[in-house]
Each structure stands twice: as structure tokens, then as C-alpha cells.
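Peer 1: Here you go, this is structure-v4.txt (compact mmCIF, C-alpha atoms).
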# COMPACT_ATOMS: atom_id res chain seq x y z
CA MET A 276 90.57 100.41 82.35
CA LEU A 277 91.75 98.58 85.45
CA LYS A 278 91.02 99.85 88.96
CA ARG A 279 88.86 102.34 90.79
CA LEU A 280 90.96 105.45 90.44
CA PHE A 281 90.85 108.11 93.09
CA HIS A 282 89.55 111.53 92.13
CA LEU A 283 92.21 113.56 90.37
CA LYS A 284 92.15 117.16 91.46
CA SER A 285 94.37 120.17 91.30
CA CYS A 286 95.39 121.42 94.70
CA ILE A 287 95.61 124.91 96.06
CA ARG A 288 98.50 124.16 98.42
CA PHE A 289 101.19 121.98 96.89
CA HIS A 290 104.17 120.23 98.45
CA HIS A 291 107.16 118.50 96.95
CA CYS A 292 107.36 114.73 97.31
CA THR A 293 109.86 111.94 96.79
CA ALA A 294 108.78 108.94 94.68
CA ILE A 295 110.52 105.67 95.54
CA PRO A 296 110.04 102.47 93.51
CA LEU A 297 109.60 99.55 95.90
CA ASP A 298 111.36 96.89 93.90
CA ASN A 299 111.75 94.72 97.01
CA ARG A 300 107.95 94.29 97.05
CA ALA A 301 105.97 91.87 94.88
CA LEU A 302 102.39 91.71 93.60
CA ILE A 303 100.27 88.57 93.56
CA GLN A 304 96.95 88.69 91.70
CA VAL A 305 94.15 86.58 93.15
CA HIS A 306 90.90 86.42 91.20
CA GLY A 307 87.90 84.19 90.57
CA THR A 308 84.35 83.75 91.83
CA ASP A 309 85.43 82.34 95.23
CA THR A 310 88.25 84.83 95.86
CA SER A 311 86.60 87.06 98.46
CA LYS A 312 85.43 84.12 100.58
CA PHE A 313 88.81 82.43 100.18
CA LEU A 314 90.80 85.44 101.42
CA GLN A 315 88.30 86.21 104.18
CA GLY A 316 89.15 82.91 105.84
CA LEU A 317 92.89 83.60 105.73
CA ILE A 318 93.62 87.24 106.51
CA THR A 319 93.29 89.23 109.75
CA ASN A 320 91.39 92.13 108.17
CA ASP A 321 87.93 92.17 106.60
CA ILE A 322 87.96 91.81 102.81
CA GLU A 323 84.54 93.48 102.75
CA PHE A 324 86.22 96.81 103.54
CA LEU A 325 87.46 96.82 99.94
CA LYS A 326 83.95 97.59 98.80
CA THR A 327 84.44 101.15 100.08
CA THR A 328 88.20 101.69 99.80
CA ASN A 329 90.98 100.70 97.41
CA ALA A 330 93.45 99.19 99.89
CA ILE A 331 93.64 97.53 103.29
CA TYR A 332 96.56 96.44 105.45
CA SER A 333 96.47 92.89 106.76
CA MET A 334 98.49 89.92 107.94
CA LEU A 335 98.39 86.19 107.37
CA LEU A 336 99.06 84.12 110.48
CA ASN A 337 99.92 80.52 111.23
CA ALA A 338 97.78 78.31 113.47
CA ARG A 339 99.70 79.51 116.54
CA GLY A 340 98.77 83.12 115.83
CA ARG A 341 102.27 84.16 114.70
CA ILE A 342 102.79 86.39 111.67
CA LEU A 343 103.72 84.67 108.44
CA TYR A 344 103.32 87.64 106.08
CA ASP A 345 102.27 91.26 106.28
CA MET A 346 100.58 92.63 103.19
CA ILE A 347 98.61 95.39 101.53
CA ILE A 348 95.60 94.18 99.53
CA TYR A 349 94.28 96.32 96.67
CA ASN A 350 90.91 96.18 94.95
CA HIS A 351 91.81 97.19 91.42
CA GLN A 352 88.75 96.21 89.37
CA ILE A 353 85.20 97.45 89.73
CA ASN A 354 82.56 94.83 90.58
CA LYS A 355 84.95 91.90 90.11
CA SER A 356 86.53 89.54 92.62
CA SER A 357 90.10 90.44 91.73
CA TYR A 358 92.73 91.65 94.16
CA LEU A 359 96.40 92.55 94.07
CA ILE A 360 98.33 91.45 97.18
CA GLU A 361 101.58 93.27 97.95
CA ILE A 362 104.14 91.19 99.85
CA SER A 363 107.92 90.89 100.24
CA GLN A 364 109.75 90.00 97.05
CA ASN A 365 111.68 87.25 98.85
CA ALA A 366 108.45 85.64 100.09
CA ILE A 367 106.85 84.98 96.69
CA ALA A 368 107.54 81.24 96.44
CA ASP A 369 106.43 80.40 99.99
CA PHE A 370 103.39 82.70 99.79
CA LEU A 371 102.20 81.16 96.51
CA ARG A 372 102.72 77.66 97.89
CA LEU A 373 100.67 78.52 100.98
CA LEU A 374 97.77 80.03 99.02
CA ARG A 375 97.64 77.04 96.70
CA THR A 376 97.62 74.69 99.70
CA TYR A 377 94.53 76.41 101.14
CA LYS A 378 92.83 76.87 97.77
CA LEU A 379 91.62 73.25 97.49
CA ARG A 380 88.84 73.17 94.84
CA ARG A 381 87.74 76.78 95.11
CA GLN A 382 87.33 78.83 91.95
CA VAL A 383 90.42 80.96 92.62
CA ASN A 384 93.29 81.82 90.29
CA ILE A 385 96.64 82.85 91.78
CA GLU A 386 99.34 84.53 89.69
CA ASP A 387 102.60 86.40 90.28
CA VAL A 388 102.22 89.67 88.32
CA THR A 389 105.25 91.49 89.71
CA SER A 390 106.84 91.78 86.27
CA LYS A 391 103.78 93.63 84.91
CA TYR A 392 103.56 96.38 87.50
CA ARG A 393 105.65 98.61 89.74
CA ILE A 394 104.85 99.71 93.29
CA TRP A 395 105.73 103.27 94.32
CA SER A 396 105.75 105.08 97.63
CA LEU A 397 105.17 108.83 97.37
CA LEU A 398 106.47 110.44 100.53
CA TYR A 399 106.42 113.88 102.06
CA LEU A 400 109.62 113.98 104.06
CA GLN A 401 108.61 117.15 105.93
CA ASP A 402 107.19 116.31 109.34
CA GLU A 403 104.58 119.08 109.27
CA VAL A 404 103.04 117.51 106.18
CA ALA A 405 103.70 113.83 106.78
CA SER A 406 102.30 113.73 110.29
CA THR A 407 98.84 114.83 109.17
CA THR A 408 95.92 112.44 109.35
CA ASN A 409 94.27 114.00 106.30
CA ASP A 410 94.10 112.26 102.96
CA LEU A 411 97.40 113.23 101.33
CA ARG A 412 96.07 112.54 97.83
CA GLU A 413 94.67 116.07 97.89
CA ASN A 414 98.23 117.42 97.86
CA PHE A 415 99.12 115.83 94.52
CA ASN A 416 98.45 117.02 91.02
CA PHE A 417 98.10 114.01 88.74
CA LYS A 418 98.56 114.94 85.10
CA THR A 419 97.11 111.76 83.59
CA ARG A 420 95.59 108.39 84.40
CA GLN A 421 97.58 106.66 81.69
CA GLY A 422 99.58 103.80 83.19
CA LEU A 423 98.08 104.22 86.69
CA ILE A 424 96.51 101.06 88.11
CA VAL A 425 95.95 101.92 91.79
CA GLY A 426 96.42 105.09 93.81
CA GLN A 427 95.64 105.14 97.52
CA SER A 428 96.77 106.69 100.78
CA ASP A 429 98.81 104.10 102.66
CA PRO A 430 96.14 102.15 104.58
CA ARG A 431 98.35 101.85 107.66
CA HIS A 432 98.60 105.58 108.35
CA ALA A 433 98.63 108.86 106.42
CA SER A 434 102.18 109.62 107.55
CA LEU A 435 103.35 106.87 105.17
CA GLY A 436 102.22 108.83 102.12
CA ILE A 437 100.66 107.43 98.95
CA ARG A 438 100.91 103.95 97.48
CA LEU A 439 100.80 103.78 93.69
CA ILE A 440 100.76 100.78 91.39
CA THR A 441 101.66 101.60 87.80
CA GLU A 442 102.33 99.67 84.66
CA ARG A 443 105.96 98.56 84.66
CA GLN A 444 107.10 100.95 81.93
CA THR A 445 105.29 104.03 83.29
CA GLN A 446 107.50 106.99 84.24
CA ILE A 447 106.41 108.55 87.52
CA THR A 448 107.28 112.06 86.29
CA ASN A 449 104.66 111.62 83.56
CA LEU A 450 102.01 111.03 86.22
CA VAL A 451 102.71 113.45 89.05
CA ASP A 452 103.87 117.05 89.22
CA SER A 453 106.57 118.15 91.69
CA CYS A 454 107.64 114.63 92.61
CA THR A 455 111.29 113.61 92.36
CA PRO A 456 112.06 109.93 91.72
CA SER A 457 114.73 108.30 93.86
CA SER A 458 116.13 104.80 93.53
CA ASP A 459 117.44 104.89 97.10
CA SER A 460 115.13 102.44 98.87
CA SER A 461 116.82 103.19 102.19
CA ILE A 462 114.97 106.54 102.25
CA TYR A 463 111.71 104.61 102.43
CA LYS A 464 112.93 102.05 104.97
CA ARG A 465 114.40 104.76 107.17
CA TRP A 466 111.05 106.59 107.06
CA LEU A 467 109.29 103.40 108.19
CA TYR A 468 111.76 102.93 111.04
CA GLN A 469 111.45 106.54 112.16
CA HIS A 470 107.71 105.91 112.51
CA GLY A 471 108.17 102.56 114.26
CA ILE A 472 106.76 100.39 111.48
CA ALA A 473 108.05 97.00 110.34
CA GLU A 474 107.50 95.77 106.79
CA GLY A 475 108.40 92.55 105.08
CA THR A 476 110.14 89.37 106.13
CA GLU A 477 113.39 91.21 106.83
CA ASP A 478 111.65 93.06 109.69
CA ILE A 479 109.06 90.40 110.60
CA PRO A 480 110.64 86.91 110.52
CA PRO A 481 107.89 84.47 109.46
CA GLY A 482 106.43 82.35 112.24
CA GLU A 483 108.11 84.24 115.12
CA CYS A 484 106.23 87.48 115.77
CA ILE A 485 102.97 88.26 117.57
CA PRO A 486 100.65 90.62 115.63
CA LEU A 487 99.54 92.74 118.60
CA GLU A 488 103.16 93.39 119.58
CA TYR A 489 103.72 94.64 116.03
CA ASN A 490 100.85 97.13 116.44
CA ILE A 491 98.44 95.49 114.02
CA VAL A 492 95.49 97.23 115.73
CA PHE A 493 97.13 100.67 115.55
CA LEU A 494 97.88 100.05 111.85
CA ASN A 495 94.27 99.20 110.93
CA GLY A 496 95.27 95.64 110.06
CA VAL A 497 92.72 93.53 111.94
CA SER A 498 88.96 93.20 112.23
CA PHE A 499 87.47 91.88 115.47
CA SER A 500 83.97 91.67 114.01
CA LYS A 501 84.56 89.40 111.00
CA GLY A 502 84.31 85.62 111.01
CA CYS A 503 87.01 83.08 111.75
CA TYR A 504 90.45 83.06 110.16
CA ILE A 505 93.66 81.15 110.76
CA GLY A 506 95.35 82.21 114.01
CA GLN A 507 92.35 84.20 115.22
CA GLU A 508 92.06 82.65 118.70
CA LEU A 509 95.30 84.04 120.15
CA ILE A 510 94.93 87.52 118.72
CA ALA A 511 91.28 87.86 119.82
CA ARG A 512 91.87 86.49 123.32
CA THR A 513 94.91 88.69 123.94
CA HIS A 514 93.18 91.79 122.59
CA HIS A 515 90.09 91.38 124.74
CA THR A 516 91.58 90.02 127.97
CA GLY A 517 95.32 90.58 128.03
CA VAL A 518 97.84 93.40 128.36
CA ILE A 519 100.40 93.90 125.61
CA ARG A 520 103.69 94.03 127.51
CA LYS A 521 105.97 94.51 124.50
CA ARG A 522 105.51 96.67 121.43
CA LEU A 523 107.50 97.56 118.37
CA MET A 524 108.80 101.11 118.79
CA PRO A 525 111.11 103.45 116.88
CA VAL A 526 114.54 103.77 118.47
CA GLN A 527 117.49 106.09 118.06
CA ILE A 528 120.83 104.30 118.09
CA THR A 529 123.87 106.09 119.50
CA ASN A 530 127.29 104.91 118.33
CA TYR A 531 125.64 102.69 115.73
CA GLU A 532 128.98 101.97 114.06
CA GLU A 533 129.70 99.57 116.90
CA LEU A 534 126.76 97.36 115.93
CA SER A 535 128.73 95.62 113.21
CA LYS A 536 131.36 94.66 115.79
CA SER A 537 128.89 92.85 118.03
CA SER A 538 127.40 89.39 117.77
CA ASP A 539 129.27 88.11 114.72
CA ASN A 540 128.70 91.30 112.69
CA LYS A 541 124.91 91.05 112.98
CA THR A 542 123.06 94.35 113.05
CA ASN A 543 119.58 92.99 113.81
CA ASP A 544 117.96 90.71 116.39
CA LEU A 545 120.38 92.03 119.01
CA THR A 546 119.41 91.86 122.67
CA ILE A 547 118.66 95.16 124.43
CA VAL A 548 119.28 95.37 128.19
CA ASN A 549 118.59 97.81 130.99
CA GLU A 550 121.93 99.52 131.57
CA GLU A 551 121.45 99.61 135.35
CA THR A 552 119.81 96.28 136.15
CA LYS A 553 121.25 94.34 133.18
CA ARG A 554 117.81 92.79 132.70
CA ARG A 555 116.62 92.07 129.20
CA ALA A 556 114.49 94.96 127.90
CA GLY A 557 113.87 94.01 124.30
CA LYS A 558 115.34 93.18 120.93
CA LEU A 559 116.61 95.39 118.12
CA ARG A 560 114.72 94.10 115.11
CA SER A 561 116.13 96.18 112.21
CA SER A 562 118.11 99.36 111.69
CA ILE A 563 119.67 101.76 109.19
CA GLU A 564 122.49 103.69 110.87
CA HIS A 565 120.97 105.58 113.82
CA ASP A 566 117.31 104.79 112.96
CA GLY A 567 115.86 101.47 114.01
CA ILE A 568 112.85 99.52 115.23
CA ALA A 569 112.92 97.42 118.35
CA LEU A 570 110.55 95.22 120.31
CA ILE A 571 110.62 96.94 123.72
CA ARG A 572 109.19 95.89 127.06
CA LEU A 573 106.83 98.74 127.84
CA ASN A 574 107.88 98.95 131.49
CA GLU A 575 111.48 99.53 130.35
CA TRP A 576 111.08 102.09 127.57
CA ARG A 577 111.96 105.12 129.73
CA ASN A 578 115.06 103.53 131.26
CA SER A 579 118.65 103.76 130.03
CA LEU A 580 118.98 100.95 127.48
CA ARG A 581 121.84 99.59 125.42
CA ILE A 582 122.79 96.65 123.23
CA GLN A 583 124.04 93.73 125.29
CA ASN A 584 127.86 93.49 125.25
CA ALA A 585 128.23 96.61 123.12
CA ASP A 586 128.75 100.32 123.70
CA VAL A 587 125.55 101.21 121.82
CA SER A 588 122.76 103.18 123.49
CA ILE A 589 119.12 102.65 122.50
CA THR A 590 116.47 105.36 123.01
CA PRO A 591 112.84 104.33 122.27
CA SER A 592 110.07 106.85 121.63
CA ILE A 593 106.30 106.83 121.24
CA PRO A 594 105.34 107.53 117.58
CA ASN A 595 103.06 110.53 117.08
CA TRP A 596 100.63 108.40 115.05
CA TRP A 597 99.80 106.00 117.91
CA PRO A 598 96.18 106.42 119.01
CA PRO A 599 95.30 107.29 122.63
CA LEU A 600 96.50 104.45 124.84
CA ASP A 601 94.22 102.44 127.09
CA GLU A 602 94.66 102.73 130.85
CA ALA A 603 96.34 99.31 131.19
CA THR A 604 98.99 100.27 128.65
CA LYS A 605 99.55 103.65 130.30
CA LEU A 606 100.07 101.88 133.61
CA GLU A 607 102.52 99.41 132.03
CA MET A 608 104.47 102.30 130.45
CA LYS A 609 104.36 104.36 133.69
CA LEU A 610 102.58 107.19 131.93
CA GLU A 611 100.32 109.66 133.69
CA GLN A 612 96.80 108.27 133.77
CA SER A 613 95.40 111.51 132.48
CA SER A 614 97.77 111.79 129.50
Would it be possible to restate this file's structure as C-alpha cells?
Peer 2:
Amino acid sequence: MLKRLFHLKSCIRFHHCTAIPLDNRALIQVHGTDTSKFLQGLITNDIEFLKTTNAIYSMLLNARGRILYDMIIYNHQINKSSYLIEISQNAIADFLRLLRTYKLRRQVNIEDVTSKYRIWSLLYLQDEVASTTNDLRENFNFKTRQGLIVGQSDPRHASLGIRLITERQTQITNLVDSCTPSSDSSIYKRWLYQHGIAEGTEDIPPGECIPLEYNIVFLNGVSFSKGCYIGQELIARTHHTGVIRKRLMPVQITNYEELSKSSDNKTNDLTIVNEETKRRAGKLRSSIEHDGIALIRLNEWRNSLRIQNADVSITPSIPNWWPPLDEATKLEMKLEQSS
């Protein structure tokens, strides 16, 4: 039986969840005797963490330290060097080409297994449940292991629910009690945006974005104690000596209908300006109606902001899952030093 399965237990307090198939996500299987060493030299996180957990969040950077791909890596076989890497569906060809370029003569096999499996996100859409930092797996009653390959709390943060990988033909209602399937992927994307989290190439254009600005540290996606990997120099130097002056934040969009009328009908990558000074304050990265994510200059986040050349107001907020901020960041954001 594939995978280290989490402990299945009945729960005393039970909540209803929504199960969303993530058909815009793909799975690449990487296995072979050199796999762990191979991935360790590529990804920002430490592959050794998968000895004690089933999933880690990570990124793959280019030599300039810009994000190429964000990913979740799953350890799905006991005592074997075999991993499932979850990436954007539209990045499969480029991702496979890149891995094969770096593979050289290592004993590593790389295979697209998207057609064999399905990725699910199990979400609690009630804030009082979803904002917890506890392991949400305890709130589910799994009826069987049949067809279940991996089950793990989202490694980025507990508010993002549970990640499941099942066999392609498995019906989610046969696995989990009190969980309603929904084919509306916008529910999941909106939930990400409400929590200020980017996912996939549609939110993180390859080769353009800086990992620390996309909160890779807050999302448990980087190890500063592992060995070298591609793009390490910039991320390590900035983390240890620099101040992050821009961060991805959730934003509320007022009068969002006007977005389609601005900038040749584009609704992303729109410039955000300070309404009073007209200075550039950030960039709207992605949005669904009034929920969006934007790269915001931290010294501007409390000011009145809007989309440049459009009657669209932008209101950033600090997500409740962010850890306590360091003093330099508090100063940049004009927050009370004691907060």
C-alpha cells in the first residue's frame, strides 16, 4: 500500500467541510536511489524534513534567486526515495524539462503521474475553525483507506485545511464523512486570496518574483540550515541582513467591476498607487471579484490606495496567520513597537 497514512480517528467534535478537486494542479513522481540528494540541491526547503512528515512546501529558484515554481512535495512511500511533487498544471512541460536538465547521470526517474491521481483540498470555510493552528486532521472521520494515497495538513498553514491525494477514480464521499464535494475551484482560490497566499504560475509568474516578498519564510517553505541550492545566495543574504520592504498581502477590492475596464481588460498585474501622493504603492497580482492578493510596499499599506487610472480602491490587511513580526518590519509598517 502506497504512502504513510495519517492516523484515522473518530472525532468528538465534528465540522462540515468542502472538498474541492484541484484539477489545475499536477503531480510529478521523482524516484530512484539519488532522488533525495538530487532534490536537496534544487529546492529551498530541506528534503530531510520528509523523514518526519508527509509533506513540505518549497520553491525552485533560478540562479538570480527568483521563483520559477512553487510546490508541495509529498513522501508517499515508506523507506523509499520516492516523492510526489505538486505543481501548476500549465507548468508540467517546463518543469520536467528543467528537472531532466539538472539530472545529468544521477539515478533518478522523473514521470508525470497526474492522470493516475487526483489532488483534493478539504476546507473548513468557517473562520473559527479554519484559523486554528491545530492539526485539522483530527476533525475528520475517514471511513476507509481504500484509494487514499496521501493525507496531510497543508504544510503552509493549518488555515488552508487538508491536502489529499487519491487514486483518480476514488469518490471523496466514500472516504470522508460530512464533506461536500464542489467542482467550483474559485472557492479554493478565493480562500487562498483571503489569506494572502499565492499559488501557481498564474499568481507567481516564473522568473519574476522574490521568495521573501512572497512570504516563503512565513509559509514554512525554506530552510536556512541546509546546504547549497540554486538561488540560495540572494535569499540567504536578504533574510539575514536586509529588510523586506514589500510583501504579498490580501486585499479587498472596492468597485472591482471597473477592473476589466482598465489596462486593456487586464485584471492582474495592475499598478497600485497612493491616492494622495500618486506614488506607486504596489501591484495587484491576482483577484476574484472583491478578493485579491497584491504585492504592497509595507510603508504604504495603511494609506488610501487605488488602482492607477481606475476608480478602484484597494485595502490591504495583515493575515491572522502571519507570525510575530520582527522590529525592522514593524518599523517599516509603522506599527507599534510593542504590538
Peer 1: Rounded to one decimal in Å, what is the spacing between CA of Ile322 in chain A and CA of Gln304 in chain A?
Peer 2: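 Rounded to one decimal, the two atoms are 14.6 Å apart.
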Peer 1: With all atoms listed in the file as the counted atoms, please give the residues lying no more than 6 Å from Arg393 in chain A, apart from itself and same-chain residues fewer than 4 positions off, as a PyMOL selection string.
Peer 2: chain A and resi 440-441+443
Peer 1: Select, from A:Asn337, A:Ser562, A:Ser500, A:Gln507, the residue with the minimum atom-to-atom distance to Tyr468 in chain A, counting all atoms listed in the file.
Peer 2: A:Ser562
Peer 1: Taking (102.1, 89.9, 113.8) in the file's coordinates as the center, which residues reach within 8 Å of it, counting only C-alpha atoms, put as a list in words?
Peer 2: Met334, Leu336, Gly340, Arg341, Ile342, Leu343, Asp345, Ile479, Cys484, Ile485, Pro486, Leu487, Glu488, Tyr489, Asn490 and Ile491 of chain A
Peer 1: For Cys292 in chain A, which of A:Arg431, A:Arg420, A:Glu508, A:Gly436 is the closest residue, counting all atoms listed in the file?
Peer 2: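 That would be A:Gly436, the residue with the smallest distance to Cys292 in chain A.
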Peer 1: What does the distance between CA of Gly517 in chain A and CA of Ile348 in chain A come to in Å, to one decimal place?
Peer 2: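 According to the coordinates, CA of Gly517 in chain A and CA of Ile348 in chain A are separated by 28.7 Å.
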Peer 1: Using all atoms listed in the file, which residue out of A:Leu325, A:Leu600, A:Val587, A:Leu317 lies closest to Asn350 in chain A?
Peer 2: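 Among the listed residues, A:Leu325 lies closest to Asn350 in chain A.
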Peer 1: Counting all atoms listed in the file, note down every residue that has an atom within 9 Å of the point (91.6, 89.5, 112.0) (file coordinates), as a list in words.
Peer 2: Leu317, Ile318, Thr319, Asn320, Asp321, Ser333, Met334, Leu335, Gly496, Val497, Ser498, Phe499, Ser500, Lys501, Gly502, Cys503, Tyr504, Ile505, Gly506, Gln507, Ile510 and Ala511 of chain A
Peer 1: In terms of the shortest atom-to-atom distance over only C-alpha atoms, which of A:Ser460, A:Thr328, A:Thr445, A:Gln469 is closest to Gly426 in chain A?
Peer 2: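 Between A:Ser460, A:Thr328, A:Thr445, A:Gln469, the residue approaching Gly426 in chain A most closely is A:Thr328.
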Peer 1: Considering all atoms listed in the file, state which residue in the set A:Asn595, A:Asn530, A:Asn329, A:Thr546 is at the smallest distance from Ser428 in chain A.
Peer 2: A:Asn329
Peer 1: Go through A:Val526, A:Trp395, A:Ile424, A:Glu474 one by one, measure the shortest atom-to-atom distance of each to Pro456 in chain A using only C-alpha atoms, and give the residue with the smallest value.
Peer 2: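 Result for the nearest residue to Pro456 in chain A: A:Trp395.
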Peer 1: Show me, as a list in words, the residues that have an atom within 6 Å of Lys558 in chain A when counting all atoms listed in the file, minus same-chain residues fewer than 4 positions from it.
Peer 2: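 Result of the neighbour search: Asp544, Leu545, Thr546, Ile547, Ala569 and Leu570 of chain A.
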Peer 1: Can I get the selection written as a PDB file, in the coordinates of the input, with C-alpha atoms?
Peer 2:
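What follows is the written file again32.pdb:
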ATOM      1  CA  ASP A 544     117.960  90.710 116.390  1.00  0.00           C
ATOM      2  CA  LEU A 545     120.380  92.030 119.010  1.00  0.00           C
ATOM      3  CA  THR A 546     119.410  91.860 122.670  1.00  0.00           C
ATOM      4  CA  ILE A 547     118.660  95.160 124.430  1.00  0.00           C
ATOM      5  CA  ALA A 569     112.920  97.420 118.350  1.00  0.00           C
ATOM      6  CA  LEU A 570     110.550  95.220 120.310  1.00  0.00           C
TER       7      LEU A 570
END
Peer 1: Which distance in Å separates CA of Ser579 in chain A and CA of His514 in chain A, to one decimal?
Peer 2: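 Here the two named atoms are 29.1 Å from each other.
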Peer 1: Within 9 Å of Ser458 in chain A, counting only C-alpha atoms, which residues qualify if same-chain residues fewer than 3 places away don't, as a VMD selection string?
Peer 2: chain A and resid 294 to 297 461 to 462
Peer 1: Using all atoms listed in the file, determine which residues lie at most 9 Å from Ala301 in chain A, disregarding the query and same-chain residues fewer than 6 positions distant; provide the list as a ChimeraX atom specification.
Peer 2: /A:360-367,387-390,392-394
Peer 1: Please provide as number ranges by chain all residues within 8 Å of Lys521 in chain A, with the sequence filter that same-chain residues fewer than 2 positions apart are discarded (counting only C-alpha atoms).
Peer 2: A: 488, 519, 523, 557, 570-573
